[in-house]
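Single-structure report; data block below.
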Amino acid sequence: MNYLYYLIYKIKSKYEQYYFWHISPKSGLQNLLSQGVVYGKKCRILGEIYVKKSSKGTFIIGDNFFCQSGGLASIDVQSSSKFQVEDNGSLEIGNNVGVSSVIVHCWNKIIIGNNVKIGAGCMVFDTNFHNTDFQIRNSTDALETISTSPVLIDDNVFIGTRSIICKGVHIGKNSIVAAGSVVVKDVPDFVR
């Protein structure tokens with residue numbers, strides 16, 4: 001009986017490896033194409049991703065983009081990467097960017113520079129998703145009352161796992177954001 005469990009485990013492991021290296025990269029790129037995302041050369045996606053782009057939004061990915069996602073990511077984070085661009089939003093990802101099981105939600109503008117690495121479970125938002133004034137929030141669900149502000153992540157930034165980058169933040173070039181950080185203010189260049 002133990003041999004049967006071992007055999008099932010080995011077959012499952014081989015299937016996951018095959019899916020990870022052969023099937024998921026193609027389905028990830030097809031997902032990008034189906035949403036009208038423009039991407040450069042050598043774009044690789046391992047694992048499942050969720051992409052939703054409004055027809056009025058813009059989503060551009062540079063060359064040599066690498067995304068690991070879901071339980072097959074380098075750090076075992078069970079959620080898949082999610083990229084969402086709302087009406088009139090603009091999400092731009094530079095060259096040589098690597099992400100792992102991230103959530104990026106763009107209502108206004110998010111620019112991620114070149115050579116940026118974003119760790120597993122990170123979130124980047126350019127909105128609060130609701131009004132911060134309790135009286136307005138309790139009286140209406142109108143999207144017009146939601147505040148947004150662009151997020152800019154400069155070149156060579158490293159964002160540690162499970163960090164949250166909030167609206168209106170500018171992270172300067174060559175900086176490191178420690179794992180588990182909640183970034184609500186600008187980070188200057190070369191901060192470690």
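Labeling convention for the structure tokens: chains A, B, ... as they appear, residues from 1 per chain, ligands from 1 in order of appearance.
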Q: Write out as a PyMOL selection string which residues come within 12 Å of A:Val102 when counting only C-alpha atoms, dropping same-chain ones fewer than 5 positions away.
A: chain A and resi 48-51+66-70+73+75+77-84+117-125+159-165
Q.
So that I can see what lies close to A:Gly168, please list as number ranges by chain the residues with an atom at most 10 Å from it, counting only C-alpha atoms and leaving out residues fewer than 6 positions away in the same chain.
A. A: 109-110, 125-127, 148-152, 183-186
Using the selection just defined, write its residues with N, CA and C atoms as a JSON list (two decimals), in the first residue's frame.
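File written: result.json
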[["chain", "number", "residue", "atom", "x", "y", "z"],
["A", 109, "LYS", "N", -2.28, 55.16, -12.45],
["A", 109, "LYS", "CA", -1.03, 54.88, -13.16],
["A", 109, "LYS", "C", -0.06, 54.19, -12.20],
["A", 110, "ILE", "N", 0.51, 53.08, -12.68],
["A", 110, "ILE", "CA", 1.57, 52.39, -11.96],
["A", 110, "ILE", "C", 2.69, 52.17, -12.97],
["A", 125, "PHE", "N", -0.96, 48.96, -5.16],
["A", 125, "PHE", "CA", -2.24, 49.59, -5.44],
["A", 125, "PHE", "C", -2.05, 51.09, -5.61],
["A", 126, "ASP", "N", -2.77, 51.69, -6.57],
["A", 126, "ASP", "CA", -2.73, 53.14, -6.71],
["A", 126, "ASP", "C", -4.05, 53.78, -6.28],
["A", 127, "THR", "N", -4.80, 53.07, -5.44],
["A", 127, "THR", "CA", -6.09, 53.54, -4.95],
["A", 127, "THR", "C", -6.37, 52.97, -3.57],
["A", 148, "THR", "N", -7.33, 58.29, -6.07],
["A", 148, "THR", "CA", -6.22, 57.54, -6.67],
["A", 148, "THR", "C", -5.01, 58.45, -6.77],
["A", 149, "SER", "N", -3.84, 57.85, -6.85],
["A", 149, "SER", "CA", -2.61, 58.60, -7.03],
["A", 149, "SER", "C", -1.55, 57.66, -7.59],
["A", 150, "PRO", "N", -0.78, 58.10, -8.59],
["A", 150, "PRO", "CA", 0.16, 57.20, -9.26],
["A", 150, "PRO", "C", 1.22, 56.61, -8.33],
["A", 151, "VAL", "N", 1.66, 55.40, -8.69],
["A", 151, "VAL", "CA", 2.77, 54.72, -8.00],
["A", 151, "VAL", "C", 3.92, 54.64, -8.99],
["A", 152, "LEU", "N", 5.12, 55.02, -8.54],
["A", 152, "LEU", "CA", 6.31, 54.95, -9.38],
["A", 152, "LEU", "C", 7.39, 54.16, -8.64],
["A", 183, "VAL", "N", 4.27, 50.40, 2.63],
["A", 183, "VAL", "CA", 4.90, 51.64, 2.18],
["A", 183, "VAL", "C", 3.80, 52.66, 1.86],
["A", 184, "VAL", "N", 3.75, 53.74, 2.67],
["A", 184, "VAL", "CA", 2.75, 54.79, 2.49],
["A", 184, "VAL", "C", 3.38, 56.13, 2.18],
["A", 185, "LYS", "N", 4.72, 56.21, 2.25],
["A", 185, "LYS", "CA", 5.44, 57.45, 1.95],
["A", 185, "LYS", "C", 6.57, 57.15, 0.97],
["A", 186, "ASP", "N", 7.05, 58.18, 0.29],
["A", 186, "ASP", "CA", 8.12, 58.02, -0.68],
["A", 186, "ASP", "C", 9.38, 57.44, -0.03]]
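When atom CA of A:Gly89 is paired with atom CA of A:Val169, their separation reads 16.2 Å.
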Q: Provide the atom CA of A:Asn31 to atom CA of A:Val99 distance in Å, to one decimal place.
A: 16.8 Å
Q: Using DSSP on the backbone coordinates, identify the residues of stretch 6-192 of chain A assigned to strand (DSSP E or B); present them as a PyMOL selection string.
A: chain A and resi 38-39+44-46+49-53+58-61+66-68+81-85+90-93+98-100+103-106+109-112+117-118+123-125+127+148+151-153+158-159+164-165+170-171+176-177+182-183+187
(Q) For a test of reading the model, state the distance in Å between atom CA of A:Glu144 and atom CA of A:Asn88, rounded to one decimal. (A)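 Separation of atom CA of A:Glu144 and atom CA of A:Asn88: 13.1 Å.
Of the listed residues A:Lys167, A:His105, A:Arg192, A:His130, the one whose atoms come nearest to A:Phe59 is A:His105, with distances taken using only C-alpha atoms.
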Q: Rank nothing, just name the residue among A:Phe158, A:Phe134, A:Tyr39, A:Phe129 nearest to A:Cys106, using only C-alpha atoms.
A: A:Phe129
**Q.** All helix (DSSP H, G or I) residues (DSSP, backbone) inside stretch 29-141 of chain A, as a list in words
**A.** Leu29, Gln30, Asn31, Leu32, Leu33, Ser34, Gly70, Gly71, Leu72, Phe134, Gln135, Ile136, Arg137, Asn138 and Ser139 of chain A
Please list as an mmCIF file with N, CA and C atoms, in the first residue's frame every residue within 9 Å of A:Phe65, counting only C-alpha atoms and excluding residues in the same chain fewer than 4 positions away.
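Below you can see out06.cif, which holds the result:
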data_model
loop_
_atom_site.group_PDB
_atom_site.id
_atom_site.type_symbol
_atom_site.label_atom_id
_atom_site.label_comp_id
_atom_site.auth_asym_id
_atom_site.auth_seq_id
_atom_site.Cartn_x
_atom_site.Cartn_y
_atom_site.Cartn_z
ATOM 1 N N TYR A 39 3.397 43.013 -24.749
ATOM 2 C CA TYR A 39 4.583 42.560 -24.017
ATOM 3 C C TYR A 39 5.749 42.334 -24.964
ATOM 4 N N GLY A 40 6.955 42.429 -24.404
ATOM 5 C CA GLY A 40 8.179 42.352 -25.191
ATOM 6 C C GLY A 40 8.698 40.939 -25.365
ATOM 7 N N LYS A 41 9.968 40.852 -25.745
ATOM 8 C CA LYS A 41 10.617 39.573 -26.009
ATOM 9 C C LYS A 41 10.948 38.841 -24.710
ATOM 10 N N LYS A 42 11.014 37.538 -24.802
ATOM 11 C CA LYS A 42 11.413 36.672 -23.688
ATOM 12 C C LYS A 42 10.568 36.876 -22.438
ATOM 13 N N CYS A 43 9.281 36.976 -22.627
ATOM 14 C CA CYS A 43 8.339 37.094 -21.517
ATOM 15 C C CYS A 43 7.983 35.675 -21.065
ATOM 16 N N ARG A 44 8.239 35.364 -19.774
ATOM 17 C CA ARG A 44 7.979 34.010 -19.260
ATOM 18 C C ARG A 44 7.048 34.082 -18.060
ATOM 19 N N ILE A 45 6.044 33.204 -18.069
ATOM 20 C CA ILE A 45 5.099 33.112 -16.969
ATOM 21 C C ILE A 45 5.005 31.655 -16.562
ATOM 22 N N ILE A 61 4.235 45.518 -20.961
ATOM 23 C CA ILE A 61 5.315 44.800 -20.284
ATOM 24 C C ILE A 61 6.539 44.821 -21.188
ATOM 25 N N ILE A 93 5.324 48.049 -17.082
ATOM 26 C CA ILE A 93 6.373 47.256 -16.434
ATOM 27 C C ILE A 93 7.584 47.272 -17.356
ATOM 28 N N GLY A 94 8.747 47.639 -16.807
ATOM 29 C CA GLY A 94 9.956 47.787 -17.611
ATOM 30 C C GLY A 94 10.607 46.469 -17.994
ATOM 31 N N ASN A 95 11.870 46.561 -18.419
ATOM 32 C CA ASN A 95 12.641 45.395 -18.848
ATOM 33 C C ASN A 95 13.289 44.694 -17.653
ATOM 34 N N ASN A 96 13.487 43.390 -17.802
ATOM 35 C CA ASN A 96 14.188 42.574 -16.798
ATOM 36 C C ASN A 96 13.527 42.630 -15.434
ATOM 37 N N VAL A 97 12.207 42.578 -15.412
ATOM 38 C CA VAL A 97 11.451 42.606 -14.160
ATOM 39 C C VAL A 97 11.049 41.184 -13.794
ATOM 40 N N GLY A 98 11.178 40.852 -12.505
ATOM 41 C CA GLY A 98 10.764 39.547 -12.006
ATOM 42 C C GLY A 98 9.799 39.713 -10.843
ATOM 43 N N VAL A 99 8.700 38.964 -10.881
ATOM 44 C CA VAL A 99 7.692 39.017 -9.814
ATOM 45 C C VAL A 99 7.307 37.596 -9.433
#
